[in-house]
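For reference, final04.pdb (PDB, C-alpha atoms):
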ATOM      1  CA  MET H1135     -40.697  10.229   8.237
ATOM      2  CA  LYS H1136     -40.623   6.558   7.181
ATOM      3  CA  ILE H1137     -39.872   7.560   3.605
ATOM      4  CA  ILE H1138     -36.834   9.570   4.683
ATOM      5  CA  ALA H1139     -35.587   6.611   6.724
ATOM      6  CA  LEU H1140     -36.060   4.300   3.720
ATOM      7  CA  ILE H1141     -34.202   6.702   1.443
ATOM      8  CA  LEU H1142     -31.291   6.946   3.879
ATOM      9  CA  LEU H1143     -31.207   3.173   4.282
ATOM     10  CA  SER H1144     -31.171   2.661   0.514
ATOM     11  CA  PHE H1145     -28.233   5.090   0.170
ATOM     12  CA  GLN H1146     -26.306   3.091   2.754
ATOM     13  CA  LEU H1147     -27.053  -0.202   1.026
ATOM     14  CA  PHE H1148     -25.928   1.028  -2.371
ATOM     15  CA  SER H1149     -22.861   2.899  -1.168
ATOM     16  CA  VAL H1150     -20.875  -0.236  -0.333
ATOM     17  CA  THR H1151     -17.304   0.154  -1.488
ATOM     18  CA  LEU H1152     -15.481  -2.710  -3.077
ATOM     19  CA  PRO H1153     -11.900  -3.556  -2.110
ATOM     20  CA  ALA H1154      -9.404  -1.378  -3.928
ATOM     21  CA  GLN H1155      -7.228  -2.815  -6.610
ATOM     22  CA  ALA H1156      -3.478  -2.195  -6.589
ATOM     23  CA  SER H1157      -3.246   1.556  -6.778
ATOM     24  CA  ARG H1158       0.059   1.853  -8.551
ATOM     25  CA  CYS H1159       2.288  -0.375 -10.609
ATOM     26  CA  GLN H1160       5.690   0.118 -12.149
ATOM     27  CA  ASN H1161       8.025  -1.920 -14.289
ATOM     28  CA  ILE H1162      11.270  -2.427 -12.357
ATOM     29  CA  ASP H1163      14.050  -4.452 -14.010
ATOM     30  CA  GLY H1164      11.538  -6.225 -16.263
ATOM     31  CA  HIS H1165       9.144  -7.098 -13.418
ATOM     32  CA  GLU H1166       5.728  -5.572 -12.762
ATOM     33  CA  VAL H1167       5.743  -4.307  -9.166
ATOM     34  CA  CYS H1168       2.341  -3.263  -7.784
ATOM     35  CA  ILE H1169       1.389  -1.821  -4.420
ATOM     36  CA  VAL H1170      -1.390  -4.051  -3.063
ATOM     37  CA  SER H1171      -1.897  -2.337   0.301
ATOM     38  CA  LEU H1172      -0.257   0.563   2.072
ATOM     39  CA  LYS H1173      -0.664   1.949   5.591
ATOM     40  CA  ARG H1174       1.227   4.940   6.843
ATOM     41  CA  SER H1175       2.410   4.967  10.454
ATOM     42  CA  PRO H1176       0.694   7.792  12.354
ATOM     43  CA  LYS H1177       3.588   8.117  14.817
ATOM     44  CA  ARG H1178       6.476   7.649  12.380
ATOM     45  CA  TYR H1179       5.041   9.158   9.216
ATOM     46  CA  TRP H1180       8.094   8.122   7.183
ATOM     47  CA  ASN H1181       7.271   4.417   7.780
ATOM     48  CA  TYR H1182       4.845   2.520   5.573
ATOM     49  CA  ARG H1183       3.463  -1.009   6.064
ATOM     50  CA  VAL H1184       3.257  -2.218   2.491
ATOM     51  CA  ALA H1185       2.256  -5.373   0.675
ATOM     52  CA  ILE H1186       3.429  -5.542  -2.918
ATOM     53  CA  SER H1187       3.061  -8.010  -5.730
ATOM     54  CA  ILE H1188       5.825  -8.834  -8.152
ATOM     55  CA  ASP H1189       4.624 -10.231 -11.478
ATOM     56  CA  GLY H1190       1.260 -10.987  -9.851
ATOM     57  CA  GLU H1191       2.717 -12.864  -6.855
ATOM     58  CA  LYS H1192       1.748 -11.167  -3.580
ATOM     59  CA  LYS H1193       4.559 -10.698  -1.067
ATOM     60  CA  PRO H1194       4.162 -10.431   2.732
ATOM     61  CA  VAL H1195       3.723  -7.042   4.397
ATOM     62  CA  GLU H1196       7.015  -5.297   5.119
ATOM     63  CA  ILE H1197       7.830  -1.979   6.778
ATOM     64  CA  TYR H1198       9.468   0.557   4.481
ATOM     65  CA  ASN H1199      11.421   3.367   6.174
ATOM     66  CA  CYS H1200      11.539   6.229   3.672
ATOM     67  CA  ARG H1201      13.719   8.423   5.886
ATOM     68  CA  SER H1202      16.629   5.988   6.213
ATOM     69  CA  LYS H1203      15.946   4.038   2.984
ATOM     70  CA  PHE H1204      15.558   0.496   4.315
ATOM     71  CA  LYS H1205      12.838  -2.095   4.784
ATOM     72  CA  ILE H1206      12.163  -4.493   7.626
ATOM     73  CA  GLN H1207      11.189  -7.909   6.360
ATOM     74  CA  LYS H1208       8.676 -10.192   8.073
ATOM     75  CA  ASP H1209      11.510 -12.120   9.773
ATOM     76  CA  GLY H1210      12.981  -8.860  11.185
ATOM     77  CA  LYS H1211      15.875  -8.642   8.727
ATOM     78  CA  ILE H1212      16.775  -5.073   7.686
ATOM     79  CA  VAL H1213      17.545  -4.586   3.997
ATOM     80  CA  SER H1214      18.760  -1.299   2.485
ATOM     81  CA  PHE H1215      17.130  -0.033  -0.701
ATOM     82  CA  THR H1216      19.050  -0.584  -3.907
ATOM     83  CA  GLU H1217      18.878   1.649  -6.961
ATOM     84  CA  ASN H1218      15.951  -0.227  -8.545
ATOM     85  CA  SER H1219      14.233  -1.546  -5.434
ATOM     86  CA  PRO H1220      10.492  -1.337  -4.760
ATOM     87  CA  GLY H1221      11.335   0.809  -1.717
ATOM     88  CA  ASN H1222      12.390   3.720  -3.901
ATOM     89  CA  PHE H1223       9.180   3.349  -5.927
ATOM     90  CA  ILE H1224       7.046   3.337  -2.761
ATOM     91  CA  CYS H1225       8.772   6.293  -1.108
ATOM     92  CA  ARG H1226       8.802   8.369  -4.290
ATOM     93  CA  ASN H1227       5.034   7.974  -4.747
ATOM     94  CA  PHE H1228       3.833   8.366  -1.187
ATOM     95  CA  LYS H1229       6.054  11.032   0.351
ATOM     96  CA  GLY H1230       4.233  12.985   3.019
TER      97      GLY H1230
END

The structure given in the file should be rewritten as structure tokens.
Amino acid sequence: MKIIALILLSFQLFSVTLPAQASRCQNIDGHEVCIVSLKRSPKRYWNYRVAISIDGEKKPVEIYNCRSKFKIQKDGKIVSFTENSPGNFICRNFKG
């Protein structure tokens, strides 16, 4: 019985997951845009809380609304997606 407990404990110790790296990157207008973190809203599944990096510089988390094609910045300002905006990249890759 103790051996089984030790085996299970060793599996737990060695199954630690490391933080994920940016899952996807894309070149947009000569800049490397990478998704650093992404959380989908359970209630409004078309909304994503996303942190991106542009050319390696991490930006604050913003809410991307893939239904109406706008993002809500940290200061509450609403900005519509443009043709080559990261919002289109995010919504195209993570449509539910």

Please determine, counting all atoms listed in the file, which residue among H:Cys1200, H:Ile1162, H:Pro1194, H:Cys1168 has the shortest atom-to-atom distance to H:Tyr1182.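 Closest candidate: H:Cys1200.
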
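When atom CA of H:Ala1185 is paired with atom CA of H:Lys1205, their separation reads 11.8 Å.
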
Near H:Val1195, within 9 Å and counting all atoms listed in the file, which residues show up once chain neighbours fewer than 4 positions away are dropped, as a PyMOL selection string? chain H and resi 1171-1172+1183-1186+1207-1208

Polymer residues at most 6 Å from H:Ser1187, all atoms listed in the file, same-chain spacing of 4 or more positions, as a list in words: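 After dropping sequence-adjacent residues, the list is Val1167, Cys1168, Glu1191, Lys1192 and Lys1193 of chain H.
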
Target residues per the PyMOL selection byres ((chain H and resi 1214) around 12), formatted as number ranges by chain: H: 1197-1207, 1211-1213, 1215-1222

Separation of atom CA of H:Glu1166 from atom CA of H:Asn1181 in Å: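 Pair atom CA of H:Asn1181 / atom CA of H:Glu1166 returns 22.9 Å.
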